[in-house]
$ cat work.txt   # compact mmCIF, C-alpha atoms and all ligand atoms
# COMPACT_ATOMS: atom_id res chain seq x y z
CA MET H 1 112.65 161.06 88.08
CA LYS H 2 110.97 161.31 84.68
CA ALA H 3 111.21 157.76 83.40
CA ASN H 4 111.46 154.26 84.80
CA TYR H 5 112.35 151.35 82.53
CA HIS H 6 112.51 148.67 85.22
CA THR H 7 108.99 147.58 86.20
CA HIS H 8 107.84 144.03 86.95
CA THR H 9 104.28 142.70 87.06
CA VAL H 10 102.36 139.65 88.17
CA TYR H 11 103.50 137.87 84.98
CA CYS H 12 107.05 137.50 86.28
CA GLY H 13 106.01 134.61 88.46
CA HIS H 14 108.15 135.61 91.44
CA SER H 15 107.40 138.31 93.97
CA ALA H 16 105.86 140.87 91.62
CA ASP H 17 102.14 141.30 91.87
CA ASP H 18 99.33 143.55 90.62
CA SER H 19 98.27 144.31 87.11
CA VAL H 20 99.97 146.43 84.46
CA GLU H 21 97.31 149.10 84.86
CA GLU H 22 97.94 149.52 88.60
CA TYR H 23 101.57 150.40 87.88
CA VAL H 24 100.57 152.84 85.17
CA LYS H 25 98.18 154.71 87.47
CA VAL H 26 100.90 155.22 90.09
CA ALA H 27 103.43 156.33 87.47
CA VAL H 28 100.99 158.95 86.14
CA GLU H 29 100.18 160.13 89.67
CA ARG H 30 103.88 160.57 90.41
CA GLY H 31 104.53 162.57 87.27
CA LEU H 32 106.58 160.14 85.16
CA ASP H 33 106.45 160.77 81.41
CA THR H 34 107.70 157.26 80.54
CA LEU H 35 107.04 153.86 82.12
CA GLY H 36 108.74 150.78 80.71
CA PHE H 37 107.70 147.25 81.64
CA ALA H 38 110.57 144.82 82.03
CA CYS H 39 109.26 141.47 83.17
CA HIS H 40 111.82 138.66 83.03
CA VAL H 41 111.95 137.51 79.44
CA PRO H 42 110.64 134.06 78.49
CA TYR H 43 113.57 131.80 77.67
CA ILE H 44 113.07 128.50 75.93
CA PHE H 45 115.41 125.95 77.46
CA ALA H 46 116.22 122.51 76.19
CA ASP H 47 115.21 119.32 78.00
CA GLY H 48 112.05 120.87 79.40
CA PHE H 49 113.87 122.91 82.06
CA LEU H 50 111.35 125.36 83.49
CA SER H 51 112.44 128.59 85.07
CA ASP H 52 109.99 129.84 87.67
CA ILE H 53 111.29 133.41 87.79
CA ARG H 54 110.13 134.56 84.37
CA ILE H 55 107.11 134.98 82.12
CA GLN H 56 105.85 131.53 81.23
CA LEU H 57 105.40 130.87 77.53
CA GLU H 58 101.65 130.50 77.93
CA ASP H 59 101.41 133.92 79.65
CA HIS H 60 103.57 135.78 77.16
CA GLU H 61 100.75 136.97 74.93
CA LYS H 62 98.79 138.20 77.94
CA TYR H 63 101.76 140.25 79.13
CA VAL H 64 102.15 141.83 75.71
CA ARG H 65 98.42 142.43 75.38
CA ASP H 66 98.14 144.12 78.79
CA VAL H 67 101.09 146.44 78.11
CA LEU H 68 99.84 147.36 74.63
CA GLU H 69 96.33 148.01 75.93
CA ALA H 70 97.71 150.31 78.63
CA LYS H 71 99.90 152.05 76.06
CA GLU H 72 96.83 152.90 74.01
CA LYS H 73 94.53 153.74 76.91
CA TYR H 74 96.98 156.10 78.65
CA LYS H 75 98.71 157.53 75.60
CA SER H 76 97.74 161.12 76.40
CA ASP H 77 99.13 160.78 79.95
CA ILE H 78 102.30 158.74 79.66
CA ASN H 79 104.54 156.87 77.24
CA ILE H 80 104.25 153.15 78.00
CA LEU H 81 106.94 150.83 76.67
CA LEU H 82 107.04 147.08 76.10
CA GLY H 83 110.33 145.77 77.39
CA TYR H 84 111.97 142.84 79.10
CA GLU H 85 114.71 142.29 81.64
CA ALA H 86 116.86 139.55 80.13
CA GLU H 87 119.95 137.60 81.04
CA TYR H 88 122.54 136.99 78.38
CA TYR H 89 122.48 133.21 77.95
CA PRO H 90 124.62 132.76 74.84
CA ARG H 91 123.30 129.31 73.96
CA HIS H 92 119.68 130.48 73.89
CA PHE H 93 119.95 134.19 73.14
CA GLU H 94 119.10 134.15 69.43
CA GLU H 95 116.07 131.94 69.91
CA MET H 96 114.84 134.18 72.73
CA LEU H 97 115.18 137.25 70.47
CA GLU H 98 113.27 135.55 67.64
CA ASN H 99 110.46 134.77 70.04
CA ILE H 100 110.03 138.30 71.41
CA LYS H 101 110.47 139.96 68.03
CA LYS H 102 107.08 138.58 67.05
CA TYR H 103 105.78 141.48 69.17
CA PRO H 104 106.43 145.25 69.00
CA VAL H 105 109.16 145.09 71.64
CA ASP H 106 110.67 148.47 72.54
CA TYR H 107 113.78 147.46 74.47
CA LEU H 108 115.75 144.99 76.59
CA ILE H 109 117.64 145.69 79.78
CA LEU H 110 120.30 143.26 80.94
CA GLY H 111 119.83 141.63 84.34
CA GLN H 112 122.39 138.84 84.70
CA HIS H 113 120.80 136.84 87.51
CA PHE H 114 122.65 133.60 86.76
CA SER H 115 125.96 132.58 85.31
CA ASN H 116 126.13 130.37 82.21
CA ASN H 117 122.64 129.29 81.11
CA GLU H 118 120.70 129.25 84.37
CA TYR H 119 120.22 125.46 84.42
CA ASP H 120 124.00 124.91 84.45
CA GLY H 121 125.07 128.04 86.30
CA GLU H 122 125.04 129.69 89.68
CA CYS H 123 122.74 132.33 91.09
CA ASN H 124 124.30 135.78 91.12
CA HIS H 125 122.21 136.97 94.07
CA GLU H 126 124.49 135.01 96.44
CA PRO H 127 127.70 136.81 97.52
CA THR H 128 130.87 134.98 96.50
CA PRO H 129 134.39 134.70 97.95
CA ASP H 130 135.66 133.54 94.53
CA ILE H 131 137.19 136.28 92.38
CA ARG H 132 136.94 134.04 89.30
CA ARG H 133 133.17 134.24 89.55
CA ILE H 134 133.38 138.04 89.50
CA GLU H 135 135.66 137.84 86.46
CA ASP H 136 133.24 135.49 84.68
CA TYR H 137 130.32 137.71 85.59
CA ALA H 138 132.14 140.78 84.23
CA ASP H 139 133.00 138.90 81.05
CA THR H 140 129.36 137.92 80.50
CA LEU H 141 128.24 141.53 80.95
CA CYS H 142 130.83 142.68 78.41
CA ARG H 143 129.77 140.09 75.85
CA ALA H 144 126.14 141.01 76.40
CA MET H 145 126.83 144.71 75.82
CA MET H 146 128.73 143.89 72.65
CA THR H 147 125.61 142.32 71.12
CA GLY H 148 124.28 145.90 70.94
CA LYS H 149 120.83 144.71 72.05
CA PHE H 150 120.73 146.04 75.59
CA THR H 151 119.47 149.55 76.30
CA TYR H 152 121.13 149.55 79.72
CA ILE H 153 122.48 147.24 82.43
CA ALA H 154 120.22 146.70 85.42
CA HIS H 155 122.04 146.31 88.75
CA PRO H 156 125.47 145.89 87.05
CA ASP H 157 126.99 145.26 90.49
CA LEU H 158 124.49 142.48 91.39
CA LEU H 159 127.09 139.83 92.22
CA THR H 160 128.69 140.79 95.53
CA TYR H 161 132.33 139.96 96.24
CA MET H 162 133.37 139.11 99.78
CA GLY H 163 137.10 139.79 99.23
CA SER H 164 139.06 143.00 98.87
CA GLU H 165 137.68 146.10 97.18
CA ASP H 166 140.82 146.43 95.01
CA GLU H 167 140.46 142.91 93.62
CA TYR H 168 136.77 143.52 92.98
CA LEU H 169 137.29 146.78 91.14
CA CYS H 170 140.08 145.30 89.04
CA ALA H 171 137.81 142.39 88.01
CA MET H 172 134.90 144.75 87.22
CA SER H 173 136.91 147.34 85.29
CA PRO H 174 136.21 145.66 81.89
CA VAL H 175 132.49 146.27 82.51
CA CYS H 176 133.17 149.99 82.90
CA ARG H 177 135.39 150.11 79.81
CA VAL H 178 132.88 148.27 77.58
CA ALA H 179 129.91 150.22 78.97
CA ALA H 180 131.69 153.44 78.00
CA GLU H 181 132.74 152.10 74.57
CA THR H 182 129.25 150.81 73.72
CA ASP H 183 127.51 153.76 75.41
CA THR H 184 125.48 151.43 77.60
CA PRO H 185 124.24 153.24 80.73
CA LEU H 186 124.62 151.56 84.13
CA GLU H 187 121.62 151.45 86.44
CA ILE H 188 121.58 152.60 90.04
CA ASN H 189 119.06 150.10 91.34
CA LEU H 190 116.62 151.61 93.84
CA LEU H 191 115.34 148.24 95.06
CA GLY H 192 118.86 147.21 96.04
CA LEU H 193 119.48 150.57 97.65
CA THR H 194 116.35 150.73 99.78
CA ASP H 195 116.28 147.03 100.69
CA GLY H 196 119.92 147.12 101.84
CA ARG H 197 121.15 144.50 99.37
CA GLY H 198 124.85 144.59 98.49
CA TYR H 199 124.21 146.95 95.58
CA PRO H 200 124.47 149.68 94.35
CA ARG H 201 128.12 149.67 95.40
CA GLU H 202 129.62 153.13 95.60
CA GLY H 203 133.16 152.04 94.73
CA PHE H 204 131.97 150.44 91.50
CA PHE H 205 130.07 153.54 90.40
CA LYS H 206 132.99 155.83 91.24
CA LEU H 207 135.22 153.61 89.10
CA ALA H 208 132.68 153.67 86.25
CA LYS H 209 132.65 157.45 86.41
CA THR H 210 136.38 157.56 85.69
CA TYR H 211 135.68 155.63 82.44
CA GLY H 212 133.08 158.18 81.35
CA CYS H 213 130.10 155.84 81.78
CA ARG H 214 126.54 157.13 81.90
CA PHE H 215 124.12 156.34 84.72
CA ILE H 216 120.36 155.99 85.14
CA LEU H 217 118.00 155.33 88.04
CA GLY H 218 115.82 152.21 87.90
CA CYS H 219 113.06 151.36 90.39
CA ASP H 220 113.03 147.58 89.84
CA ALA H 221 109.46 147.94 91.07
CA HIS H 222 107.74 144.72 92.13
CA ARG H 223 104.74 146.62 93.52
CA PRO H 224 102.89 149.64 92.12
CA SER H 225 103.68 151.67 95.25
CA ARG H 226 107.38 151.34 94.46
CA VAL H 227 107.22 153.11 91.11
CA ALA H 228 109.11 156.38 91.68
CA ARG H 229 108.34 156.20 95.40
CA PRO H 230 109.50 159.59 96.76
CA LYS H 231 111.51 158.11 99.64
CA GLU H 232 113.40 155.77 97.28
CA VAL H 233 114.04 158.44 94.67
CA LYS H 234 115.49 160.67 97.37
CA MET H 235 117.81 157.86 98.51
CA GLY H 236 118.88 157.43 94.87
CA LEU H 237 119.59 161.13 94.51
CA ASP H 238 121.59 161.11 97.76
CA PHE H 239 123.62 158.16 96.48
CA ILE H 240 124.30 159.97 93.22
CA ARG H 241 125.40 163.11 95.01
CA GLU H 242 127.67 161.29 97.46
CA ALA H 243 129.33 159.33 94.66
CA GLY H 244 129.68 162.49 92.55
CA LEU H 245 127.69 161.09 89.61
CA SER H 246 125.18 162.59 87.24
CA VAL H 247 122.31 160.62 85.76
CA ILE H 248 120.38 160.69 82.51
CA ASP H 249 116.59 161.13 82.65
CA HIS H 250 115.78 158.99 79.63
CA ALA H 251 117.51 156.09 77.94
CA GLU H 252 118.07 155.91 74.21
CA LEU H 253 116.39 152.66 73.28
CA LYS H 254 118.61 150.19 71.44
CA LYS H 255 116.91 148.21 68.74
CA VAL H 256 116.16 144.60 69.67
ZN ZN J 1 117.05 141.94 88.06
ZN ZN J 2 114.25 143.53 87.91
$ encode --input "work.txt" --output "structure tokens"
Amino acid sequence: MKANYHTHTVYCGHSADDSVEEYVKVAVERGLDTLGFACHVPYIFADGFLSDIRIQLEDHEKYVRDVLEAKEKYKSDINILLGYEAEYYPRHFEEMLENIKKYPVDYLILGQHFSNNEYDGECNHEPTPDIRRIEDYADTLCRAMMTGKFTYIAHPDLLTYMGSEDEYLCAMSPVCRVAAETDTPLEINLLGLTDGRGYPREGFFKLAKTYGCRFILGCDAHRPSRVARPKEVKMGLDFIREAGLSVIDHAELKKV
């Protein structure tokens, strides 16, 4: 593993802890040439709805400052990038982009944790028996990719289906088609793999391969020790081999 674009920090407000610099030190130690920070993007919702899983507006400048300071301090050791993991919430997307573009943002990765707009949607971490939810989820991912703003899709197979594999793959096939058409790599999520969540799902990645999609490993690190942790990287490489995939080392950053 040469690069990781999926790193959270204490600013995310959920389980991530430790400072930006702690993550950088581990990444350098483990021989990465690129470390991208991807805390959950601040979204400005109407009616004062506060999301507790993302960077709070008052912490945003501190997040940016810490990443930029590390970028400068460690520039001879590693390439540090300022990024965000963002959902595609159509009603608020443009405003979110305007807000982050005040800073020298390097990239966005898509992590569709909720349907609709979070305050009126459902959480995609919960498995569903409803194929329509998978279809809606797939449709949201496709529309997000078509904005051209997302460098890659984090855990594209986040929403787990409890029904048949055939139905699932049929509903998810548009994601594979649009990922190939827009050249948006799909992430094999090491957190999901090592924590035994329902993803990455081998059947989905095998299907994506038939569409000519590209793949990338992402740590989804919520602790410094989980940046390119050897045991997790090995599990990722085993997954890739068993599914017959090949992965790219570095992502081409799409302009935000
Ligand atoms: Zn995520
Ligand atoms: Zn994440």
$ closest_residue --input "work.txt" --among "H:Ala179, H:Leu190, H:Leu207, H:Ile134" --to "Gly244 of chain H" --atoms "only C-alpha atoms"
H:Leu207
$ residues_near_ligand --input "work.txt" --ligand "ligand ZN 1 (chain J)" --cutoff "8 Å" --atoms "all atoms listed in the file" --output "VMD selection string"
chain H and resid 40 85 110 to 113 154 to 155 220
$ residues_around --input "work.txt" --residues "Ala171 of chain H" --least-positions-apart "4" --cutoff "12 Å" --atoms "only C-alpha atoms" --output "list of chain:residue names"
H:Asp130, H:Ile131, H:Arg132, H:Arg133, H:Ile134, H:Glu135, H:Asp136, H:Tyr137, H:Ala138, H:Asp139, H:Leu141, H:Cys142, H:Asp157, H:Leu159, H:Thr160, H:Tyr161, H:Gly163, H:Ser164, H:Glu165, H:Asp166, H:Glu167, H:Val175, H:Cys176, H:Arg177, H:Phe204, H:Leu207
$ closest_residue --input "work.txt" --among "H:Arg201, H:Arg241, H:Arg54, H:His92" --to "ligand ZN 2 (chain J)" --atoms "all atoms listed in the file"
H:Arg54
$ closest_residue --input "work.txt" --among "H:Lys255, H:Val26, H:Tyr84, H:Phe215" --to "Leu237 of chain H" --atoms "all atoms listed in the file"
H:Phe215
$ closest_residue --input "work.txt" --among "H:Pro200, H:Pro127, H:Gly192, H:Pro224" --to "ligand ZN 2 (chain J)" --atoms "all atoms listed in the file"
H:Gly192
$ closest_residue --input "work.txt" --among "H:Asn117, H:Ser225, H:Ser246, H:Asn189" --to "ligand ZN 2 (chain J)" --atoms "all atoms listed in the file"
H:Asn189
$ residues_around --input "work.txt" --residues "Val105 of chain H" --least-positions-apart "4" --cutoff "9 Å" --atoms "all atoms listed in the file" --output "MDAnalysis selection string"
chainID H and resid 64 81:84 100:101 255:256
$ closest_residue --input "work.txt" --among "H:Ala221, H:Met1, H:Leu169, H:Ala180" --to "ligand ZN 2 (chain J)" --atoms "only C-alpha atoms and all ligand atoms"
H:Ala221
$ atom_distance --input "work.txt" --atom1 "atom CA of Ser19 of chain H" --atom2 "atom CA of Phe49 of chain H"
27.0 Å
$ atom_distance --input "work.txt" --atom1 "atom CA of Leu186 of chain H" --atom2 "atom CA of Cys213 of chain H"
7.3 Å
$ residues_around --input "work.txt" --residues "Lys206 of chain H" --least-positions-apart "3" --cutoff "9 Å" --atoms "all atoms listed in the file" --output "number ranges by chain"
H: 201-203, 209-210, 243-245
$ decode --input "work.txt" --residues "segment 175-218 of chain H" --atoms "N, CA and C atoms" --output "mmCIF file, in the first residue's frame"
data_model
loop_
_atom_site.group_PDB
_atom_site.id
_atom_site.type_symbol
_atom_site.label_atom_id
_atom_site.label_comp_id
_atom_site.auth_asym_id
_atom_site.auth_seq_id
_atom_site.Cartn_x
_atom_site.Cartn_y
_atom_site.Cartn_z
ATOM 1 N N VAL H 175 -24.491 0.905 -10.547
ATOM 2 C CA VAL H 175 -23.312 1.503 -9.883
ATOM 3 C C VAL H 175 -22.048 1.107 -10.638
ATOM 4 N N CYS H 176 -21.978 -0.173 -11.017
ATOM 5 C CA CYS H 176 -20.795 -0.667 -11.729
ATOM 6 C C CYS H 176 -20.685 0.015 -13.101
ATOM 7 N N ARG H 177 -21.823 0.104 -13.789
ATOM 8 C CA ARG H 177 -21.812 0.704 -15.134
ATOM 9 C C ARG H 177 -21.352 2.166 -15.073
ATOM 10 N N VAL H 178 -21.940 2.931 -14.131
ATOM 11 C CA VAL H 178 -21.603 4.364 -14.054
ATOM 12 C C VAL H 178 -20.173 4.558 -13.515
ATOM 13 N N ALA H 179 -19.745 3.697 -12.613
ATOM 14 C CA ALA H 179 -18.359 3.806 -12.116
ATOM 15 C C ALA H 179 -17.381 3.608 -13.268
ATOM 16 N N ALA H 180 -17.687 2.655 -14.146
ATOM 17 C CA ALA H 180 -16.810 2.419 -15.296
ATOM 18 C C ALA H 180 -16.877 3.609 -16.260
ATOM 19 N N GLU H 181 -18.085 4.082 -16.543
ATOM 20 C CA GLU H 181 -18.255 5.196 -17.498
ATOM 21 C C GLU H 181 -17.594 6.483 -17.017
ATOM 22 N N THR H 182 -17.670 6.741 -15.703
ATOM 23 C CA THR H 182 -17.113 7.992 -15.172
ATOM 24 C C THR H 182 -15.694 7.791 -14.641
ATOM 25 N N ASP H 183 -15.166 6.594 -14.808
ATOM 26 C CA ASP H 183 -13.843 6.230 -14.291
ATOM 27 C C ASP H 183 -13.695 6.627 -12.819
ATOM 28 N N THR H 184 -14.655 6.164 -12.026
ATOM 29 C CA THR H 184 -14.630 6.404 -10.586
ATOM 30 C C THR H 184 -14.257 5.086 -9.889
ATOM 31 N N PRO H 185 -13.056 5.006 -9.318
ATOM 32 C CA PRO H 185 -12.665 3.753 -8.653
ATOM 33 C C PRO H 185 -13.574 3.408 -7.470
ATOM 34 N N LEU H 186 -13.668 2.129 -7.189
ATOM 35 C CA LEU H 186 -14.477 1.615 -6.076
ATOM 36 C C LEU H 186 -13.528 1.132 -4.980
ATOM 37 N N GLU H 187 -13.823 1.531 -3.761
ATOM 38 C CA GLU H 187 -12.921 1.208 -2.645
ATOM 39 C C GLU H 187 -13.226 -0.154 -2.025
ATOM 40 N N ILE H 188 -12.166 -0.888 -1.753
ATOM 41 C CA ILE H 188 -12.242 -2.076 -0.913
ATOM 42 C C ILE H 188 -11.903 -1.581 0.488
ATOM 43 N N ASN H 189 -12.910 -1.580 1.351
ATOM 44 C CA ASN H 189 -12.803 -0.902 2.641
ATOM 45 C C ASN H 189 -12.217 -1.843 3.702
ATOM 46 N N LEU H 190 -11.022 -1.494 4.172
ATOM 47 C CA LEU H 190 -10.313 -2.385 5.102
ATOM 48 C C LEU H 190 -10.941 -2.422 6.490
ATOM 49 N N LEU H 191 -11.621 -1.340 6.880
ATOM 50 C CA LEU H 191 -12.311 -1.348 8.177
ATOM 51 C C LEU H 191 -13.450 -2.365 8.145
ATOM 52 N N GLY H 192 -14.223 -2.338 7.077
ATOM 53 C CA GLY H 192 -15.320 -3.295 6.933
ATOM 54 C C GLY H 192 -14.806 -4.721 6.900
ATOM 55 N N LEU H 193 -13.703 -4.905 6.202
ATOM 56 C CA LEU H 193 -13.141 -6.248 6.032
ATOM 57 C C LEU H 193 -12.655 -6.821 7.363
ATOM 58 N N THR H 194 -11.887 -6.020 8.103
ATOM 59 C CA THR H 194 -11.280 -6.560 9.321
ATOM 60 C C THR H 194 -12.253 -6.575 10.494
ATOM 61 N N ASP H 195 -13.262 -5.704 10.464
ATOM 62 C CA ASP H 195 -14.240 -5.702 11.554
ATOM 63 C C ASP H 195 -15.431 -6.608 11.262
ATOM 64 N N GLY H 196 -15.379 -7.341 10.150
ATOM 65 C CA GLY H 196 -16.447 -8.296 9.843
ATOM 66 C C GLY H 196 -17.800 -7.654 9.623
ATOM 67 N N ARG H 197 -17.824 -6.437 9.040
ATOM 68 C CA ARG H 197 -19.095 -5.822 8.677
ATOM 69 C C ARG H 197 -19.580 -6.526 7.407
ATOM 70 N N GLY H 198 -20.690 -6.154 6.863
ATOM 71 C CA GLY H 198 -21.194 -6.864 5.677
ATOM 72 C C GLY H 198 -20.444 -6.545 4.388
ATOM 73 N N TYR H 199 -19.455 -5.697 4.452
ATOM 74 C CA TYR H 199 -18.718 -5.272 3.264
ATOM 75 C C TYR H 199 -17.222 -5.341 3.547
ATOM 76 N N PRO H 200 -16.335 -5.450 2.577
ATOM 77 C CA PRO H 200 -16.619 -5.557 1.134
ATOM 78 C C PRO H 200 -17.238 -6.915 0.780
ATOM 79 N N ARG H 201 -18.137 -6.870 -0.202
ATOM 80 C CA ARG H 201 -18.901 -8.052 -0.600
ATOM 81 C C ARG H 201 -18.321 -8.582 -1.904
ATOM 82 N N GLU H 202 -17.816 -9.800 -1.848
ATOM 83 C CA GLU H 202 -17.068 -10.337 -2.985
ATOM 84 C C GLU H 202 -17.886 -10.349 -4.281
ATOM 85 N N GLY H 203 -19.163 -10.736 -4.169
ATOM 86 C CA GLY H 203 -20.012 -10.813 -5.365
ATOM 87 C C GLY H 203 -20.125 -9.472 -6.061
ATOM 88 N N PHE H 204 -20.236 -8.407 -5.272
ATOM 89 C CA PHE H 204 -20.331 -7.066 -5.854
ATOM 90 C C PHE H 204 -19.053 -6.713 -6.614
ATOM 91 N N PHE H 205 -17.901 -6.997 -6.008
ATOM 92 C CA PHE H 205 -16.642 -6.628 -6.661
ATOM 93 C C PHE H 205 -16.380 -7.479 -7.906
ATOM 94 N N LYS H 206 -16.804 -8.739 -7.863
ATOM 95 C CA LYS H 206 -16.644 -9.576 -9.059
ATOM 96 C C LYS H 206 -17.512 -9.038 -10.200
ATOM 97 N N LEU H 207 -18.714 -8.576 -9.842
ATOM 98 C CA LEU H 207 -19.595 -7.986 -10.858
ATOM 99 C C LEU H 207 -18.952 -6.722 -11.434
ATOM 100 N N ALA H 208 -18.433 -5.875 -10.538
ATOM 101 C CA ALA H 208 -17.818 -4.615 -10.972
ATOM 102 C C ALA H 208 -16.641 -4.878 -11.909
ATOM 103 N N LYS H 209 -15.942 -5.962 -11.654
ATOM 104 C CA LYS H 209 -14.802 -6.303 -12.519
ATOM 105 C C LYS H 209 -15.270 -6.554 -13.960
ATOM 106 N N THR H 210 -16.423 -7.184 -14.102
ATOM 107 C CA THR H 210 -16.917 -7.482 -15.456
ATOM 108 C C THR H 210 -17.268 -6.204 -16.221
ATOM 109 N N TYR H 211 -17.502 -5.106 -15.493
ATOM 110 C CA TYR H 211 -17.791 -3.812 -16.142
ATOM 111 C C TYR H 211 -16.515 -3.021 -16.435
ATOM 112 N N GLY H 212 -15.378 -3.549 -16.004
ATOM 113 C CA GLY H 212 -14.115 -2.831 -16.232
ATOM 114 C C GLY H 212 -13.843 -1.737 -15.215
ATOM 115 N N CYS H 213 -14.435 -1.842 -14.029
ATOM 116 C CA CYS H 213 -14.211 -0.827 -12.985
ATOM 117 C C CYS H 213 -12.791 -0.922 -12.454
ATOM 118 N N ARG H 214 -12.345 0.160 -11.834
ATOM 119 C CA ARG H 214 -11.047 0.158 -11.154
ATOM 120 C C ARG H 214 -11.268 0.129 -9.639
ATOM 121 N N PHE H 215 -10.283 -0.394 -8.931
ATOM 122 C CA PHE H 215 -10.425 -0.619 -7.487
ATOM 123 C C PHE H 215 -9.241 -0.026 -6.727
ATOM 124 N N ILE H 216 -9.513 0.332 -5.468
ATOM 125 C CA ILE H 216 -8.462 0.914 -4.622
ATOM 126 C C ILE H 216 -8.699 0.485 -3.178
ATOM 127 N N LEU H 217 -7.634 0.303 -2.424
ATOM 128 C CA LEU H 217 -7.779 -0.013 -1.002
ATOM 129 C C LEU H 217 -7.929 1.278 -0.198
ATOM 130 N N GLY H 218 -8.788 1.250 0.810
ATOM 131 C CA GLY H 218 -8.923 2.398 1.712
ATOM 132 C C GLY H 218 -8.977 1.908 3.143
#
